[in-house]
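Reading through the structure tokens given below for one structure.
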Amino acid sequence: MTLQDWDYPSPFVYPVAIQQEHIDGLGHVNNAVYVNWCQDAGWAHSLALGLNLDDYRELDAAMVIRRADYDYIGAAFLGQRCEIGTWLTGNDQRLSMERRFQLRRLDDGQTLLRARWQLVCIRLSNGKPRRMPEAFLTQYGGAVIDC
């Protein structure tokens, strides 16, 4: 696989190895597992950018999914290895961000999933929307790519 195989430049890459617990009754990775992998990749990217759950609690702020779209393109099977590329592709510098994902199988580079999240900033103490704190603007905003 080459860099050109990614939908966008400079992805944060999260590896996944397919285990028996990922397989459903049809013999392939269950679609819900893909969703969980996106969640894992998104958190790993957030950690790499320097923001964790303790930071969220201290700031009384969190980015939460308002809308999620998943396009299931192909299947993955037991023993295969995949990787998820993720990018922050939008930030209005106030309330919302966008994150995208691409899941690829390592042995042939085939894209198995594309996903997009629309995220909104909330106040953890009451669950209501709030402006992003400066740390979010700096840490997340600095990682946004043009696409």
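Ordered as shown in the structure tokens, chains take letters A, B, and onward, while each chain numbers its residues from 1 and ligands are numbered from 1 in the order shown.
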
TODO: Please give the complete set of residues from chain A that DSSP, run on the backbone, assigns to strand (DSSP E or B), formatted as a ChimeraX atom specification.
DONE: /A:12-17,23,29,62-72,81-91,96-105,111-122,129,144

Taking N, CA and C atoms for each residue, export the selection above as a short mmCIF file (atom, residue, chain, number, x, y, z; two decimals), in the first residue's frame.
data_model
loop_
_atom_site.label_atom_id
_atom_site.label_comp_id
_atom_site.auth_asym_id
_atom_site.auth_seq_id
_atom_site.Cartn_x
_atom_site.Cartn_y
_atom_site.Cartn_z
N PHE A 12 -3.94 9.69 10.72
CA PHE A 12 -3.55 9.03 11.95
C PHE A 12 -3.95 7.59 11.73
N VAL A 13 -3.02 6.65 11.86
CA VAL A 13 -3.29 5.26 11.52
C VAL A 13 -3.39 4.42 12.79
N TYR A 14 -4.47 3.67 12.88
CA TYR A 14 -4.76 2.80 14.01
C TYR A 14 -4.86 1.36 13.51
N PRO A 15 -3.96 0.47 13.95
CA PRO A 15 -3.98 -0.92 13.48
C PRO A 15 -5.03 -1.76 14.18
N VAL A 16 -5.60 -2.71 13.47
CA VAL A 16 -6.53 -3.68 14.06
C VAL A 16 -6.21 -5.07 13.53
N ALA A 17 -6.26 -6.04 14.42
CA ALA A 17 -6.07 -7.45 14.05
C ALA A 17 -7.38 -8.17 14.32
N ILE A 23 -15.97 -11.87 14.71
CA ILE A 23 -16.66 -12.57 13.62
C ILE A 23 -18.12 -12.84 14.01
N VAL A 29 -16.27 -10.01 9.82
CA VAL A 29 -16.33 -9.05 10.92
C VAL A 29 -17.70 -8.39 10.92
N ALA A 62 -16.59 18.12 26.24
CA ALA A 62 -16.34 16.91 25.48
C ALA A 62 -16.85 17.09 24.06
N MET A 63 -16.19 16.43 23.13
CA MET A 63 -16.70 16.34 21.77
C MET A 63 -17.47 15.04 21.67
N VAL A 64 -18.74 15.12 21.30
CA VAL A 64 -19.60 13.94 21.20
C VAL A 64 -20.17 13.83 19.78
N ILE A 65 -20.51 12.62 19.41
CA ILE A 65 -21.05 12.37 18.07
C ILE A 65 -22.50 12.86 18.02
N ARG A 66 -22.75 13.74 17.05
CA ARG A 66 -24.12 14.21 16.80
C ARG A 66 -24.74 13.41 15.67
N ARG A 67 -23.91 13.06 14.70
CA ARG A 67 -24.37 12.26 13.56
C ARG A 67 -23.21 11.41 13.08
N ALA A 68 -23.52 10.19 12.67
CA ALA A 68 -22.49 9.29 12.14
C ALA A 68 -23.03 8.62 10.89
N ASP A 69 -22.20 8.60 9.86
CA ASP A 69 -22.54 7.92 8.61
C ASP A 69 -21.46 6.88 8.33
N TYR A 70 -21.88 5.65 8.04
CA TYR A 70 -20.96 4.56 7.77
C TYR A 70 -21.31 3.95 6.41
N ASP A 71 -20.32 3.86 5.55
CA ASP A 71 -20.48 3.19 4.26
C ASP A 71 -19.67 1.91 4.30
N TYR A 72 -20.39 0.77 4.37
CA TYR A 72 -19.75 -0.54 4.42
C TYR A 72 -19.49 -1.00 3.00
N ARG A 81 -5.40 -8.56 8.90
CA ARG A 81 -5.02 -7.33 9.61
C ARG A 81 -5.52 -6.14 8.80
N CYS A 82 -5.99 -5.15 9.52
CA CYS A 82 -6.50 -3.95 8.88
C CYS A 82 -5.91 -2.73 9.57
N GLU A 83 -6.16 -1.58 9.00
CA GLU A 83 -5.79 -0.33 9.63
C GLU A 83 -6.85 0.70 9.32
N ILE A 84 -7.05 1.58 10.28
CA ILE A 84 -8.01 2.67 10.11
C ILE A 84 -7.22 3.97 10.06
N GLY A 85 -7.44 4.73 9.00
CA GLY A 85 -6.93 6.08 8.94
C GLY A 85 -8.04 7.02 9.39
N THR A 86 -7.67 8.02 10.18
CA THR A 86 -8.67 9.00 10.61
C THR A 86 -8.09 10.40 10.49
N TRP A 87 -8.97 11.32 10.21
CA TRP A 87 -8.61 12.73 10.02
C TRP A 87 -9.67 13.61 10.64
N LEU A 88 -9.25 14.75 11.14
CA LEU A 88 -10.19 15.82 11.46
C LEU A 88 -10.29 16.67 10.19
N THR A 89 -11.51 16.79 9.66
CA THR A 89 -11.69 17.42 8.35
C THR A 89 -12.51 18.69 8.42
N GLY A 90 -12.85 19.12 9.61
CA GLY A 90 -13.59 20.36 9.75
C GLY A 90 -13.64 20.79 11.20
N ASN A 91 -13.64 22.10 11.41
CA ASN A 91 -13.76 22.65 12.75
C ASN A 91 -14.25 24.09 12.59
N SER A 96 -18.60 22.79 16.56
CA SER A 96 -18.62 21.51 15.85
C SER A 96 -17.31 21.20 15.12
N MET A 97 -17.10 19.89 14.98
CA MET A 97 -15.97 19.36 14.22
C MET A 97 -16.48 18.20 13.37
N GLU A 98 -15.66 17.84 12.40
CA GLU A 98 -15.96 16.66 11.58
C GLU A 98 -14.74 15.75 11.60
N ARG A 99 -14.99 14.45 11.72
CA ARG A 99 -13.94 13.43 11.69
C ARG A 99 -14.32 12.41 10.63
N ARG A 100 -13.32 11.99 9.84
CA ARG A 100 -13.55 10.95 8.83
C ARG A 100 -12.65 9.75 9.11
N PHE A 101 -13.09 8.61 8.60
CA PHE A 101 -12.38 7.35 8.78
C PHE A 101 -12.31 6.60 7.46
N GLN A 102 -11.27 5.81 7.31
CA GLN A 102 -11.15 4.87 6.21
C GLN A 102 -10.52 3.60 6.76
N LEU A 103 -11.21 2.48 6.63
CA LEU A 103 -10.70 1.17 7.06
C LEU A 103 -10.19 0.42 5.84
N ARG A 104 -8.92 -0.02 5.92
CA ARG A 104 -8.31 -0.76 4.80
C ARG A 104 -7.78 -2.09 5.29
N ARG A 105 -7.87 -3.09 4.42
CA ARG A 105 -7.27 -4.40 4.66
C ARG A 105 -5.80 -4.32 4.25
N THR A 111 -10.23 -0.85 0.51
CA THR A 111 -11.00 -0.08 1.48
C THR A 111 -12.27 -0.85 1.81
N LEU A 112 -12.51 -1.04 3.10
CA LEU A 112 -13.66 -1.81 3.57
C LEU A 112 -14.77 -0.93 4.16
N LEU A 113 -14.39 0.27 4.58
CA LEU A 113 -15.35 1.17 5.22
C LEU A 113 -14.88 2.60 5.06
N ARG A 114 -15.83 3.48 4.86
CA ARG A 114 -15.61 4.92 4.99
C ARG A 114 -16.67 5.43 5.95
N ALA A 115 -16.28 6.34 6.81
CA ALA A 115 -17.23 6.86 7.79
C ALA A 115 -16.97 8.34 8.02
N ARG A 116 -18.01 9.02 8.47
CA ARG A 116 -17.91 10.44 8.80
C ARG A 116 -18.73 10.71 10.04
N TRP A 117 -18.11 11.41 10.98
CA TRP A 117 -18.80 11.84 12.19
C TRP A 117 -18.94 13.35 12.19
N GLN A 118 -20.09 13.82 12.61
CA GLN A 118 -20.26 15.23 12.94
C GLN A 118 -20.28 15.29 14.46
N LEU A 119 -19.36 16.05 15.01
CA LEU A 119 -19.18 16.14 16.46
C LEU A 119 -19.60 17.51 16.96
N VAL A 120 -20.09 17.54 18.18
CA VAL A 120 -20.46 18.81 18.80
C VAL A 120 -19.84 18.86 20.19
N CYS A 121 -19.47 20.05 20.60
CA CYS A 121 -18.90 20.25 21.92
C CYS A 121 -20.03 20.43 22.93
N ILE A 122 -19.94 19.68 24.04
CA ILE A 122 -20.92 19.82 25.11
C ILE A 122 -20.22 20.10 26.44
N PRO A 129 -24.84 22.00 24.71
CA PRO A 129 -23.78 22.52 23.84
C PRO A 129 -23.05 23.70 24.48
N VAL A 144 -6.68 19.76 11.88
CA VAL A 144 -7.66 19.74 10.79
C VAL A 144 -6.96 19.85 9.45
#

Task: Spatial neighbours of Asp60 in chain A, 8 Å, only C-alpha atoms, chain gap at least 3 places, as a PyMOL selection string - done: chain A and resi 56-57+123-125

- [ ] Measuring atom to atom with only C-alpha atoms, identify which of A:Ala143, A:Ile73, A:Leu78, A:Leu26 is nearest to His45 in chain A.
- [x]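 The answer is A:Ala143, which sits nearest to His45 in chain A.
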
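Note that CA of Gly79 in chain A and CA of Pro9 in chain A are 27.8 Å apart.
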
Task: Residue nearest Ala41 in chain A - candidates A:Arg131, A:Gln110, A:Gln93, A:Pro11, atoms counted: only C-alpha atoms - done: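 Closest candidate: A:Pro11.
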
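Note that the spacing between CA of Leu49 in chain A and CA of Met132 in chain A amounts to 15.5 Å.
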
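Each of A:Ile145, A:Leu53, A:Leu47, A:Ala76 was checked against Asn31 in chain A using only C-alpha atoms; the smallest atom-to-atom distance is that of A:Ala76.
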
Open item on the list: Report, in Å with one decimal, the straight-line distance from CA of Tyr140 in chain A to CA of Asp5 in chain A.
Closed with: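 Answer for the CA of Tyr140 in chain A to CA of Asp5 in chain A separation: 24.3 Å.
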